[in-house]
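Participant: Here it is: the structure, laid out below.
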Amino acid sequence: MSESNGNSRKPNVEDQDLGLYFLEACRGREMREREKEKEKEEEEEEEEAPRELNTINSSGGFVVVSTDKLSVKYTNVNLHGHDVGVIQANKPSPTKRLIYYFEIHVKDAGVKGQISIGFTSETFKMRRQPGWEANSCGYHGDDGLLYRGHGKGEAFGPTYTSGDVVGAGINYAAQEFFFTKNGQVVGSVYKDLKGPLFPTIAVHSQNEEVHVNFGQKPFTFDLKEFEAQERMKQQLKIEEISVPPNVSYGIVRSYLLHYGYEDTLNSFDVASKSTVPPIHIAQESGIDEQEITYALNHRKTLRQLIRNGDIDVAFGKLREWYPQIVEDNTSATCFLLHCQKFIELVRVGALEEAVRYGRIELSSFYDFPVFKDLVQDCVALLAYERPLESSVGYLLKDSQREVVADTVNAMILSTNPNMKESKHCLQSYLERLLRQLTACCLERRALNGEQGEAFQLQRLLSSSRRG
Amino acid sequence: MSLFWLVIRQLAEIEAMAANKKVITREEWEKKLNDVKIRKEDMNKLVMNFLVTEGYVEAAEKFRMESGTEPDIDLATITDRMAVKKAVQSGNVEDAIEKVNDLNPEILDTNPQLFFHLQQQRLIELIRNGKVEEALEFAQEELAPRGEENQSFLEELERTVALLAFEDVSNCPVGDLLDISQRLKTASEVNAAILTSQSHEKDPKLPSLLKMLQWAQNQLDEKAAYPRINDLSTAILEDSAV
């Protein structure tokens, strides 16, 4: 290791250097964290909910909107079906949530009580009741009918009048519109409209007056409870699905094998044999088992060494057992090990030695874009009195050692002549299943026009401590 | 690939398109899979959660050392919990009840159904061991009063006592009560109650995630043809649309 690498040799950055896979994993970790946080903030910000009525695009001639833009009154005498006082919210209903909901309070049902509540598209004709025209849907107070895109309504719920509180909502999980009256669900209907939908209210006879509540005040309807029930419904559907018994045991076991957690595996095996009834899983996974029992003890030993920060010893063992892995000193695996050695020196405060080591082993990687960022981060450790608290402090965490150990583990697995697919040494079964789960949920949501709650595996994993 | 399979596959693709489904090729799907970020710590936590919840205390301890993952519960409590579970599994119900009460007397106080099931299990064990007189006395004194509080308890009690009516229990209609699965059922009920009392989830997360994966795949099936994982135990990605 004392010899320096000439710059004439280029680091092996071709696809077959499996170690590069982990390079991304470790460098990306910290940045991802930051990105994720930003994303979360953005999502919450960007999803602006309606807060008031849109006074610009409304059928201005027939209605008067109060100064707080939250109530509307029909002041004319209605003459025909094209002088409806319709008004939309200033923003479309937010879609990235389980449910969107708003309410109206009918202050005065006026002469005829021709009030309605619903959702309309952006281009809705602003002189017609929601539901009378295509791309709209409305629950009407005078007849209690639901109108969906044409002049004829369908039986739906009770009528409503002065003093009633009526609500309209979109259930994105079930893809339904639903309506409420005085806190009770009246009914729901399949949401066949696409695109942004504006909360919409309409009044259509003299003195009709309606207040709208976009959530600034507590709703009459218990939205929280409704949401909880919807989640429960979905949860029950999932719980009904059956998976083969003991499949979890098999997945856990293969995970322990894959990463070379040999001691855990042994305890696990002993314990699962003594449970009543004993759990047999080994036979089921069959041939693949050979792929991951391969070099188990070596992998365990190297993981321990790296986790303890004994990088020199780990290097020595690798040279002895798997010279092919470390023979190219410019591979991603060697690079990660060198970085780790440097990090360990910084950790124990041997800064001068770290500088020396870095000059010999790390500087040559500086010229290559794939490695450059991590080299920079490593060297940056020197700049801080308390590096752990700095922006590159992630390097001093246990997780960084784990990445290096995982890289070495994967590289050893890849030397197995029986390994069928190189991907298998990079990802455990568990990881492949979690990727599939995430991809399915993301894809489904994408095909749904990104509606509904975002899928976050992490949220699922950290949601613990339910009573 | 034989011609037969090629045809089958093409037919499936045509079918998918006819149903207005999006067809996602293996290549496209693998790219999506690669874009997913899965954190190692999260997988470690998932495995730790499984070990802890299922009561693999030694394995959990080893896993803590080998992976640096902290368990989400005090490992010492697992030992106690497993002792209770084991006692029920091996038919020492009295012992189990005592141990539960040592752990936290509120568990049985606040959970009459669990307490009844434990007592019922005790009765079953008495009958199993041929202690007819003791069984009758126990049923009348301990179980019958509880049955008065609750109709379903009473029915269960009657079902259990029926065991006494048969000489050859292996062939009687309520013989399933003597089965090992009845012990396991009671044991897992106690196990869940203890976990709940420790404000821990009573089930490990991994099996629910697997269910969720199946569910998510089923849901996506309605809208798209894509490579599925049909066999969870090998995580093999099948070809799309077949």
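All residue names refer to the structure tokens as shown: chains lettered A, B, ... in order, residues numbered from 1 in each chain, ligands numbered from 1 in order.
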Show me, as JSON, numbers by chain, every residue of chain A with an atom at most 7 Å from chain B, counting only C-alpha atoms.

Facilitator: {"A": [238, 239, 241, 242, 243, 247, 248, 250, 251, 252, 261, 263, 264, 267, 268, 271, 285, 429, 432, 433, 435, 436, 437, 438, 439, 440, 441, 444, 464, 465, 466, 467]}

Participant: Would you mind exporting the chosen residues as a compact mmCIF listing (two decimals), in the first residue's frame, restricted to N, CA and C atoms?

Facilitator:
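Contents of selection03.txt, freshly written:
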# COMPACT_ATOMS: atom_id res chain seq x y z
N ILE A 238 -55.61 -4.91 2.91
CA ILE A 238 -54.25 -5.44 2.80
C ILE A 238 -54.06 -6.63 3.72
N GLU A 239 -54.61 -6.51 4.93
CA GLU A 239 -54.44 -7.60 5.89
C GLU A 239 -55.11 -8.89 5.43
N ILE A 241 -55.09 -10.10 2.54
CA ILE A 241 -54.25 -10.83 1.59
C ILE A 241 -53.41 -11.85 2.35
N SER A 242 -53.32 -13.03 1.80
CA SER A 242 -52.52 -14.02 2.51
C SER A 242 -51.18 -14.21 1.82
N VAL A 243 -50.16 -14.35 2.63
CA VAL A 243 -48.85 -14.67 2.08
C VAL A 243 -48.47 -16.04 2.66
N VAL A 247 -42.84 -17.24 5.13
CA VAL A 247 -42.06 -16.60 4.08
C VAL A 247 -41.19 -15.49 4.68
N SER A 248 -41.71 -14.86 5.75
CA SER A 248 -40.91 -13.82 6.41
C SER A 248 -39.64 -14.40 7.02
N GLY A 250 -37.99 -16.91 5.98
CA GLY A 250 -37.06 -17.17 4.89
C GLY A 250 -36.37 -15.90 4.42
N ILE A 251 -37.13 -14.81 4.36
CA ILE A 251 -36.56 -13.56 3.88
C ILE A 251 -35.55 -13.01 4.88
N VAL A 252 -35.89 -13.09 6.16
CA VAL A 252 -34.96 -12.63 7.19
C VAL A 252 -33.69 -13.48 7.15
N TYR A 261 -24.15 -11.79 8.29
CA TYR A 261 -24.36 -11.68 9.74
C TYR A 261 -24.42 -13.09 10.31
N ASP A 263 -23.22 -14.73 13.06
CA ASP A 263 -23.59 -15.04 14.45
C ASP A 263 -25.10 -14.94 14.64
N THR A 264 -25.66 -13.87 14.07
CA THR A 264 -27.12 -13.71 14.16
C THR A 264 -27.81 -14.90 13.52
N SER A 267 -27.77 -18.01 15.75
CA SER A 267 -28.76 -17.92 16.83
C SER A 267 -30.17 -18.07 16.28
N PHE A 268 -30.39 -17.46 15.15
CA PHE A 268 -31.71 -17.50 14.52
C PHE A 268 -32.08 -18.94 14.17
N ALA A 271 -32.78 -21.01 17.31
CA ALA A 271 -34.07 -20.65 17.90
C ALA A 271 -35.23 -21.13 17.05
N SER A 285 -35.78 -22.41 -0.15
CA SER A 285 -35.03 -21.47 -0.99
C SER A 285 -34.02 -22.19 -1.89
N TYR A 429 -32.80 -10.44 -1.01
CA TYR A 429 -34.20 -10.63 -1.38
C TYR A 429 -35.05 -9.51 -0.80
N ARG A 432 -34.83 -6.45 -2.78
CA ARG A 432 -35.53 -6.54 -4.07
C ARG A 432 -37.05 -6.41 -3.86
N LEU A 433 -37.53 -7.01 -2.79
CA LEU A 433 -38.97 -6.94 -2.52
C LEU A 433 -39.39 -5.51 -2.18
N ARG A 435 -37.90 -2.80 -3.12
CA ARG A 435 -37.85 -2.00 -4.35
C ARG A 435 -39.10 -2.21 -5.18
N GLN A 436 -39.51 -3.47 -5.28
CA GLN A 436 -40.70 -3.78 -6.07
C GLN A 436 -41.93 -3.09 -5.47
N LEU A 437 -42.02 -3.16 -4.14
CA LEU A 437 -43.14 -2.53 -3.45
C LEU A 437 -43.19 -1.04 -3.76
N THR A 438 -42.03 -0.39 -3.61
CA THR A 438 -41.98 1.05 -3.83
C THR A 438 -42.31 1.38 -5.29
N ALA A 439 -41.70 0.63 -6.20
CA ALA A 439 -41.92 0.91 -7.63
C ALA A 439 -43.40 0.75 -7.98
N CYS A 440 -44.03 -0.29 -7.45
CA CYS A 440 -45.45 -0.52 -7.75
C CYS A 440 -46.30 0.64 -7.24
N CYS A 441 -46.02 1.07 -6.02
CA CYS A 441 -46.83 2.15 -5.44
C CYS A 441 -46.62 3.46 -6.20
N ARG A 444 -48.33 3.17 -9.67
CA ARG A 444 -49.78 3.20 -9.58
C ARG A 444 -50.25 4.65 -9.38
N SER A 464 -44.23 3.20 14.30
CA SER A 464 -44.27 2.13 15.29
C SER A 464 -45.10 2.58 16.48
N ARG A 465 -45.06 1.81 17.50
CA ARG A 465 -45.72 2.16 18.76
C ARG A 465 -47.20 2.38 18.61
N ARG A 466 -47.82 1.51 17.85
CA ARG A 466 -49.27 1.53 17.90
C ARG A 466 -49.69 0.69 19.08
N GLY A 467 -50.66 1.12 19.80
CA GLY A 467 -51.05 0.44 21.02
C GLY A 467 -51.42 -1.00 20.84

Participant: For the structure I just gave you, how does DSSP split range 56-195 of chain B - specifically, which residues are alpha helix (DSSP H)? Reply as a VMD selection string.

Facilitator: chain B and resid 57 to 67 75 to 89 93 to 103 106 to 109 112 to 128 132 to 138 144 to 149 151 to 161 180 to 195

Participant: Can you pull out every residue from range 6-226 of chain B that DSSP, working from the backbone, puts in strand (DSSP E), and format the result as an MDAnalysis selection string?

Facilitator: chainID B and resid 22:23 224:225

Participant: Quote the spacing between CA of Gly153 in chain A and CA of Ile117 in chain A in Å to one decimal place.

Facilitator: 13.6 Å

Participant: Can you pull out the residues contacting Ala87 in chain B? Cut-off 12 Å, using only C-alpha atoms, and skip same-chain residues under 4 positions away; I want them as a PyMOL selection string.

Facilitator: (chain A and resi 276) or (chain B and resi 80-83+91-100+118+121-122+183-184+186-188+190-191)

Participant: For C-alpha atoms, I'd like the residues from the last selection saved as a compact mmCIF listing (two decimals), in the first residue's frame.

Facilitator:
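See result_39.txt below for the written result:
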# COMPACT_ATOMS: atom_id res chain seq x y z
CA VAL A 276 -43.19 -25.10 18.36
CA ASP B 80 -39.83 -12.74 29.98
CA ARG B 81 -42.32 -12.66 27.16
CA MET B 82 -40.89 -15.76 25.58
CA ALA B 83 -40.96 -17.59 28.89
CA GLY B 91 -49.16 -26.70 28.62
CA ASN B 92 -48.03 -25.03 31.86
CA VAL B 93 -50.83 -22.52 31.88
CA GLU B 94 -50.82 -21.85 35.61
CA ASP B 95 -47.16 -21.03 35.39
CA ALA B 96 -47.81 -18.74 32.43
CA ILE B 97 -50.54 -16.84 34.26
CA GLU B 98 -48.24 -16.31 37.21
CA LYS B 99 -45.49 -15.04 34.92
CA VAL B 100 -47.80 -12.63 33.13
CA LEU B 118 -55.90 -18.89 29.42
CA GLN B 121 -56.50 -23.63 28.09
CA ARG B 122 -55.88 -24.69 31.67
CA ARG B 183 -52.01 -23.98 22.51
CA LEU B 184 -50.26 -21.96 19.83
CA THR B 186 -53.51 -19.06 23.11
CA ALA B 187 -49.77 -18.51 23.26
CA SER B 188 -49.79 -15.98 20.48
CA VAL B 190 -50.74 -13.77 25.31
CA ASN B 191 -47.70 -12.76 23.33

Participant: Just want the 7 Å neighbourhood of range 50-56 of chain A, counted on only C-alpha atoms, with same-chain residues fewer than 3 positions away dropped. Output as JSON, numbers by chain.

Facilitator: {"A": [69, 70, 87, 88, 89, 90, 91, 92, 93, 214]}

Participant: Can you spit out the residues from that selection as a CSV table (one decimal), in the first residue's frame, using N, CA and C atoms?

Facilitator:
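File produced: selection_1.csv:
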chain,number,residue,atom,x,y,z
A,69,LYS,N,-64.4,37.3,1.1
A,69,LYS,CA,-64.4,36.3,0.0
A,69,LYS,C,-64.8,34.9,0.4
A,70,LEU,N,-65.6,34.9,1.4
A,70,LEU,CA,-66.0,33.6,1.9
A,70,LEU,C,-67.5,33.4,2.0
A,87,ILE,N,-69.7,30.3,-8.4
A,87,ILE,CA,-68.4,30.8,-8.0
A,87,ILE,C,-67.5,29.7,-7.6
A,88,GLN,N,-66.3,29.7,-8.1
A,88,GLN,CA,-65.3,28.7,-7.8
A,88,GLN,C,-64.3,29.2,-6.7
A,89,ALA,N,-63.6,28.2,-6.1
A,89,ALA,CA,-62.6,28.6,-5.2
A,89,ALA,C,-61.4,29.2,-5.9
A,90,ASN,N,-60.5,29.9,-5.2
A,90,ASN,CA,-59.4,30.5,-5.9
A,90,ASN,C,-58.3,29.5,-6.4
A,91,LYS,N,-58.4,28.3,-5.9
A,91,LYS,CA,-57.4,27.3,-6.2
A,91,LYS,C,-58.1,25.9,-6.5
A,92,PRO,N,-57.6,25.1,-7.3
A,92,PRO,CA,-58.2,23.8,-7.4
A,92,PRO,C,-58.0,22.9,-6.2
A,93,SER,N,-58.8,21.9,-6.0
A,93,SER,CA,-58.6,21.0,-4.9
A,93,SER,C,-57.2,20.4,-4.9
A,214,PHE,N,-63.3,26.7,3.9
A,214,PHE,CA,-62.3,25.9,3.3
A,214,PHE,C,-61.4,25.3,4.4

Participant: If we count only C-alpha atoms, what is near Phe62 in chain A at a cut-off of 7 Å, once residues fewer than 5 positions away on the same chain are taken out, given as a PDB file with N, CA and C atoms, in the first residue's frame?

Facilitator:
ATOM      1  N   TYR A  74     -77.061  35.860  -3.785  1.00  0.00           N
ATOM      2  CA  TYR A  74     -77.710  36.124  -5.076  1.00  0.00           C
ATOM      3  C   TYR A  74     -78.615  37.333  -4.913  1.00  0.00           C
ATOM      4  N   THR A  75     -78.346  38.351  -5.695  1.00  0.00           N
ATOM      5  CA  THR A  75     -79.062  39.607  -5.466  1.00  0.00           C
ATOM      6  C   THR A  75     -80.113  39.885  -6.532  1.00  0.00           C
ATOM      7  N   ASN A  76     -80.052  39.155  -7.624  1.00  0.00           N
ATOM      8  CA  ASN A  76     -81.012  39.405  -8.709  1.00  0.00           C
ATOM      9  C   ASN A  76     -82.295  38.594  -8.529  1.00  0.00           C
ATOM     10  N   ASP A  83     -78.521  32.174 -15.791  1.00  0.00           N
ATOM     11  CA  ASP A  83     -78.102  33.282 -14.930  1.00  0.00           C
ATOM     12  C   ASP A  83     -77.815  32.783 -13.513  1.00  0.00           C
ATOM     13  N   GLY A  85     -75.707  32.010 -10.299  1.00  0.00           N
ATOM     14  CA  GLY A  85     -74.575  32.654  -9.629  1.00  0.00           C
ATOM     15  C   GLY A  85     -73.574  31.619  -9.165  1.00  0.00           C
TER      16      GLY A  85
END

Participant: Please provide as a list in words all residues within 8 Å of range 136-139 of chain B, with the sequence filter that same-chain residues fewer than 5 positions apart are discarded (counting only C-alpha atoms).

Facilitator: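 So the residues in contact are Leu123, Ala144, Leu157 and Val161 of chain B.
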
Participant: Tell me, as an mmCIF file with C-alpha atoms, in the first residue's frame, which residues lie within 10 Å of Leu163 in chain B, counting only C-alpha atoms; anything in the same chain fewer than 5 positions away does not count.

Facilitator:
data_model
loop_
_atom_site.group_PDB
_atom_site.id
_atom_site.type_symbol
_atom_site.label_atom_id
_atom_site.label_comp_id
_atom_site.auth_asym_id
_atom_site.auth_seq_id
_atom_site.Cartn_x
_atom_site.Cartn_y
_atom_site.Cartn_z
ATOM 1 C CA ILE B 124 -58.087 -28.281 28.355
ATOM 2 C CA ILE B 127 -58.788 -32.861 30.606
ATOM 3 C CA ARG B 128 -55.827 -33.875 28.455
ATOM 4 C CA GLU B 158 -69.631 -25.635 27.006
ATOM 5 C CA ASP B 168 -62.037 -41.238 22.443
ATOM 6 C CA VAL B 169 -61.353 -37.514 22.100
ATOM 7 C CA SER B 170 -59.275 -37.968 18.988
ATOM 8 C CA CYS B 172 -64.876 -36.156 18.742
ATOM 9 C CA PRO B 173 -66.240 -32.962 17.204
ATOM 10 C CA VAL B 174 -64.436 -30.703 19.656
ATOM 11 C CA GLY B 175 -61.187 -32.662 19.471
ATOM 12 C CA ASP B 176 -59.472 -29.692 17.824
ATOM 13 C CA LEU B 177 -59.280 -28.086 21.261
ATOM 14 C CA LEU B 178 -56.719 -30.704 22.225
#
